[in-house]
Amino acid sequence: MSFLKWVSFVLILHLLNSCMISSSSSLTSNGFSQIPPKFLALAKRADFFDWMVGIRRKIHENPELGYEEVETSKLVRTELEKMGVSYKYPVAVTGVIGYIGTGQAPFVALRADMDALSMQEMVEWEHKSKIPGKMHACGHDAHTTMLLGAARLLKEHQDELQGTVILVFQPAEEGGGGAKKIVEAGVLENVSAIFGLHVTNQLALGQVSSREGPLLAGSGFFEAKISGKGGHAALPQHAIDPILAASNVIVSLQHLVSREADPLDSQVVTVAKFEGGGAFNVIPDSVTIGGTFRAFSTKSFKQLQKRIEQVITRQASVHMCNATVDFLQEVKPFFPPTVNDKGLHQFFKNVSGDMLGIENYVEMQPLMGSEDFSFYQESMPGHFSFVGMQNEAHSPMASPHSPYFEVNEELLPYGASLHASMATRYLLDLKTSSPNKSYEKDEL
């Protein structure tokens with residue numbers, strides 16, 4: 001960045017916050033440490049905050065499942081048009097890709113997911129879901145709102161951007177692999193780095209958390225149909241009971257982790273679906289079971305997949321039943337592990353520390369949850385983190401995927417300003433760094 005552009009940037013920040021930034025201030029990361037707190041102050045303005053709350057509540061009232069986010073993407077496009085932000089639509093069915101900045105390299109991307117979950121909201125409040133059986137129970141309404149907030153902040157400072165910020169409003173994170181379709185669409189081919197945020201009730205408001213390296217597990221789903229021979233429950237000798245076979249299958253699947261996996265190599269196999277029969281005195285012809293499996297390494301993941309199919313088919317055979325196994329990859333593609341780039345993680349700690357104080361960064365342990373953000377990380381350096389929303393003065397908030405899940409809307413300025421700060425600082429760092437400095441994807 002030239003000296004004149006830097007002076008211009010400082011003056012604009014001075015005017016917006018009505019205070020002088022002295023050249024003797026304690027600065028880090030090439031002198032840009034004042035950017036994150038300034039963005040946070042702007043996002044906390046009453047008019048800005050109320051605007052974000054209104055958007056989040058509109059999205060929350062009208063939840064849409066993966067690849068069905070028609071009204072949500074329409075809302076996103078409407079807000080981008082009001083800001084004067086150009087975009088592409090549709091991408092990956094219902095996705096929206098926005099552009100702010102010079103229109104030239106370097107490119108940095110910010111991502112938010114838009115889809116809801118298939119569940120009934122149990123929270124009674126004025127803006128409860130209006131769609132029976134659908135709910136934003138994982139905070140994607142907040143994610144979309146925070147990225148729109150970041151877009152507004154960035155658009156207001158577009159002349160200071162030293163490159164282009166790509167806004168990724170992604171469909172179908174909840175099992176649909178929307179990120180994979182975004183990558184396949186080719187809209188991120190020249191992106192140097194991508195950042196994603198997720199709300200969490202496990203951290204206090206004003207705290208953030210992440211880690212370098214493995215963060216979230218790779219995941220897959222399976223469904224199996226176990227077929228026997230139906231009959232009267234009083235005459236089991238004339239039937240072949242698929243419920244008994246399925247019960248033994250479920251018990252045997254638990255041994256894959258407890259007796260076959262290295263205890264130091266985290267893995268999970270969970271059967272969460274069991275459907276069969278409709279009467280108390282009738283043995284059904286077939287039973288359907290389904291579940292998920294997780295692992296941090298590709299080798300362990302593939303071994304689990306292989307053994308799940310073997311256990312189901314062979315245990316069914318022991319009970320004189322037949323079984324077929326479907327890993328549902330066409331509708332629920334396998335998610336790779338989410339692995340944070342080492343250099344981007346240090347960058348995240350620098351930016352979040354400048355905004356919130358390094359004492360509000362919490363180093364997290366790897367989780368067995370999964371995220372399709374990992375598809376981006378397979379194609380470019382990426383970093384995923386969590387933003388706290390627990391108000392310590394209130395009772396503990398419900399966890400994601402609970403019908404009682406709520407969002408503390410006070411977190412919206414934090415997510416919006418963190419997004420905007422990471423994009424702005426990343427482009428500035430690239431512009432002012434030496435030719436040998438880069439945030440290259442680590443070898444893993």
# chains A, B, ... in the order shown; residues from 1 in each chain; ligands from 1
>>> residues_around(residues="Asn190 of chain A", least_positions_apart="2", cutoff="8 Å", atoms="only C-alpha atoms", output="list in words")
Ala105, Pro106, Phe107, Leu188 and Ser192 of chain A
>>> select_by_dssp(residues="segment 309-380 of chain A", states="helix (DSSP H, G or I)", output="ChimeraX atom specification")
/A:309-318,342-356,358-360,374-379
>>> write_last_selection(atoms="C-alpha atoms", output="compact mmCIF listing (two decimals), in the first residue's frame")
# COMPACT_ATOMS: atom_id res chain seq x y z
CA GLU A 309 -21.06 -52.54 5.19
CA GLN A 310 -19.44 -55.83 6.19
CA VAL A 311 -20.99 -55.88 9.66
CA ILE A 312 -24.49 -55.05 8.42
CA THR A 313 -24.58 -57.58 5.58
CA ARG A 314 -22.88 -60.41 7.47
CA GLN A 315 -24.76 -59.98 10.74
CA ALA A 316 -28.01 -59.94 8.77
CA SER A 317 -26.93 -63.19 7.11
CA VAL A 318 -26.35 -64.80 10.51
CA LYS A 342 -1.41 -22.91 10.13
CA GLY A 343 -0.57 -19.49 8.71
CA LEU A 344 -4.22 -18.42 8.48
CA HIS A 345 -4.79 -19.53 12.05
CA GLN A 346 -2.04 -17.23 13.31
CA PHE A 347 -3.54 -14.47 11.17
CA PHE A 348 -6.98 -15.12 12.74
CA LYS A 349 -5.49 -14.91 16.23
CA ASN A 350 -3.83 -11.59 15.35
CA VAL A 351 -7.03 -10.06 13.95
CA SER A 352 -9.37 -11.37 16.66
CA GLY A 353 -6.85 -10.35 19.32
CA ASP A 354 -6.76 -6.81 17.97
CA MET A 355 -10.56 -6.70 18.06
CA LEU A 356 -11.34 -8.48 21.33
CA ILE A 358 -5.97 -11.98 23.04
CA GLU A 359 -7.44 -13.07 26.39
CA ASN A 360 -10.76 -13.62 24.58
CA SER A 374 -13.79 -28.59 4.41
CA PHE A 375 -14.52 -28.78 0.66
CA TYR A 376 -13.17 -25.24 0.30
CA GLN A 377 -10.06 -26.19 2.29
CA GLU A 378 -9.34 -28.99 -0.16
CA SER A 379 -9.10 -26.38 -2.93
>>> select_by_dssp(residues="segment 218-432 of chain A", states="strand (DSSP E)", output="PyMOL selection string")
chain A and resi 218-227+231-232+267-275+282-283+286-295+322-326+338-340+361-363+382-390
>>> atom_distance(atom1="atom CA of Val93 of chain A", atom2="atom CA of Ile59 of chain A")
18.4 Å
>>> residues_around(residues="Arg425 of chain A", least_positions_apart="4", cutoff="8 Å", atoms="only C-alpha atoms", output="PyMOL selection string")
chain A and resi 32+35+351+421+429
>>> write_last_selection(atoms="all heavy atoms", output="JSON list (two decimals), in the first residue's frame")
[["chain", "number", "residue", "atom", "x", "y", "z"],
["A", 32, "PHE", "N", -1.91, -2.23, 11.13],
["A", 32, "PHE", "CA", -3.33, -2.21, 10.82],
["A", 32, "PHE", "C", -4.20, -2.70, 11.98],
["A", 32, "PHE", "O", -5.34, -3.08, 11.78],
["A", 32, "PHE", "CB", -3.61, -3.07, 9.58],
["A", 32, "PHE", "CG", -2.82, -2.67, 8.37],
["A", 32, "PHE", "CD1", -2.14, -3.61, 7.62],
["A", 32, "PHE", "CD2", -2.75, -1.34, 7.99],
["A", 32, "PHE", "CE1", -1.41, -3.24, 6.50],
["A", 32, "PHE", "CE2", -2.01, -0.95, 6.87],
["A", 32, "PHE", "CZ", -1.34, -1.91, 6.13],
["A", 35, "ILE", "N", -7.95, -1.49, 12.67],
["A", 35, "ILE", "CA", -9.07, -1.79, 11.78],
["A", 35, "ILE", "C", -10.15, -2.63, 12.47],
["A", 35, "ILE", "O", -11.34, -2.27, 12.42],
["A", 35, "ILE", "CB", -8.56, -2.49, 10.50],
["A", 35, "ILE", "CG1", -7.69, -1.52, 9.70],
["A", 35, "ILE", "CG2", -9.73, -2.99, 9.65],
["A", 35, "ILE", "CD1", -6.97, -2.17, 8.52],
["A", 351, "VAL", "N", -5.89, -10.94, 14.22],
["A", 351, "VAL", "CA", -7.03, -10.06, 13.95],
["A", 351, "VAL", "C", -8.03, -10.08, 15.10],
["A", 351, "VAL", "O", -8.48, -9.03, 15.58],
["A", 351, "VAL", "CB", -7.72, -10.46, 12.63],
["A", 351, "VAL", "CG1", -8.99, -9.64, 12.41],
["A", 351, "VAL", "CG2", -6.77, -10.26, 11.46],
["A", 421, "SER", "N", -13.04, -7.50, 9.03],
["A", 421, "SER", "CA", -11.65, -7.26, 9.44],
["A", 421, "SER", "C", -10.70, -8.27, 8.83],
["A", 421, "SER", "O", -9.61, -7.92, 8.36],
["A", 421, "SER", "CB", -11.54, -7.32, 10.97],
["A", 421, "SER", "OG", -12.32, -6.32, 11.57],
["A", 429, "ASP", "N", -2.36, -7.11, 4.20],
["A", 429, "ASP", "CA", -1.14, -7.86, 4.51],
["A", 429, "ASP", "C", -0.46, -8.36, 3.24],
["A", 429, "ASP", "O", 0.77, -8.31, 3.11],
["A", 429, "ASP", "CB", -1.45, -9.03, 5.44],
["A", 429, "ASP", "CG", -1.54, -8.61, 6.90],
["A", 429, "ASP", "OD1", -1.48, -7.40, 7.17],
["A", 429, "ASP", "OD2", -1.67, -9.50, 7.76]]
>>> closest_residue(among="A:Lys181, A:His419, A:Lys299, A:Arg259", to="Thr144 of chain A", atoms="only C-alpha atoms")
A:His419
>>> atom_distance(atom1="atom CA of His140 of chain A", atom2="atom CA of Pro63 of chain A")
9.6 Å
>>> atom_distance(atom1="atom CA of Gln34 of chain A", atom2="atom CA of Gln158 of chain A")
17.1 Å
>>> closest_residue(among="A:Ile131, A:Ile194, A:Leu418, A:Val183", to="Asp341 of chain A", atoms="only C-alpha atoms")
A:Ile194
>>> closest_atom_pairs(of="segment 49-112 of chain A", to="segment 161-169 of chain A", cutoff="9 Å", atoms="only C-alpha atoms", output="CSV")
residue,atom,partner,partner_atom,distance
A:Ser73,CA,A:Phe169,CA,7.9
A:Val76,CA,A:Phe169,CA,8.1
A:Tyr87,CA,A:Leu167,CA,8.6
A:Thr94,CA,A:Phe169,CA,8.9
A:Gly95,CA,A:Phe169,CA,5.6
A:Val96,CA,A:Phe169,CA,5.1
A:Ile97,CA,A:Val168,CA,4.9
A:Gly98,CA,A:Leu167,CA,4.6
A:Tyr99,CA,A:Ile166,CA,4.9
A:Ile100,CA,A:Val165,CA,5.2
A:Gly101,CA,A:Thr164,CA,4.4
A:Thr102,CA,A:Gly163,CA,5.3
A:Gly103,CA,A:Thr164,CA,5.4
A:Gln104,CA,A:Gly163,CA,5.7
A:Ala105,CA,A:Gly163,CA,5.4
A:Pro106,CA,A:Gly163,CA,5.0
A:Phe107,CA,A:Thr164,CA,4.9
A:Val108,CA,A:Val165,CA,5.1
A:Ala109,CA,A:Ile166,CA,4.5
A:Leu110,CA,A:Leu167,CA,5.2
A:Arg111,CA,A:Val168,CA,4.5
A:Ala112,CA,A:Phe169,CA,5.2
>>> write_last_selection(atoms="C-alpha atoms", output="PDB file, in the first residue's frame")
ATOM      1  CA  SER A  73     -31.301 -15.938  -1.443  1.00  0.00           C
ATOM      2  CA  VAL A  76     -29.672 -11.638   0.224  1.00  0.00           C
ATOM      3  CA  TYR A  87     -23.273 -10.654  -7.535  1.00  0.00           C
ATOM      4  CA  THR A  94     -29.664 -21.240  -4.816  1.00  0.00           C
ATOM      5  CA  GLY A  95     -26.275 -19.786  -3.855  1.00  0.00           C
ATOM      6  CA  VAL A  96     -25.277 -16.136  -4.251  1.00  0.00           C
ATOM      7  CA  ILE A  97     -21.705 -14.939  -4.866  1.00  0.00           C
ATOM      8  CA  GLY A  98     -21.051 -11.239  -4.204  1.00  0.00           C
ATOM      9  CA  TYR A  99     -18.043  -9.084  -5.117  1.00  0.00           C
ATOM     10  CA  ILE A 100     -16.649  -6.006  -3.335  1.00  0.00           C
ATOM     11  CA  GLY A 101     -13.400  -4.229  -4.095  1.00  0.00           C
ATOM     12  CA  THR A 102     -11.204  -3.629  -7.102  1.00  0.00           C
ATOM     13  CA  GLY A 103     -12.482  -6.560  -9.133  1.00  0.00           C
ATOM     14  CA  GLN A 104      -8.859  -7.636  -9.490  1.00  0.00           C
ATOM     15  CA  ALA A 105      -6.526  -9.997  -7.634  1.00  0.00           C
ATOM     16  CA  PRO A 106      -5.794 -10.788  -4.924  1.00  0.00           C
ATOM     17  CA  PHE A 107      -9.083 -12.414  -3.967  1.00  0.00           C
ATOM     18  CA  VAL A 108     -10.189 -13.416  -0.474  1.00  0.00           C
ATOM     19  CA  ALA A 109     -13.516 -15.135   0.290  1.00  0.00           C
ATOM     20  CA  LEU A 110     -15.943 -15.017   3.221  1.00  0.00           C
ATOM     21  CA  ARG A 111     -18.565 -17.741   3.541  1.00  0.00           C
ATOM     22  CA  ALA A 112     -21.961 -18.074   5.239  1.00  0.00           C
TER      23      ALA A 112
END
>>> residues_around(residues="segment 395-399 of chain A", least_positions_apart="4", cutoff="6 Å", atoms="only C-alpha atoms", output="PyMOL selection string")
chain A and resi 201+404-405
>>> write_last_selection(atoms="C-alpha atoms", output="short mmCIF file (atom, residue, chain, number, x, y, z; two decimals), in the first residue's frame")
data_model
loop_
_atom_site.label_atom_id
_atom_site.label_comp_id
_atom_site.auth_asym_id
_atom_site.auth_seq_id
_atom_site.Cartn_x
_atom_site.Cartn_y
_atom_site.Cartn_z
CA ASN A 201 -23.26 -21.30 22.90
CA TYR A 404 -34.89 -25.00 21.81
CA PHE A 405 -31.87 -23.44 20.07
#
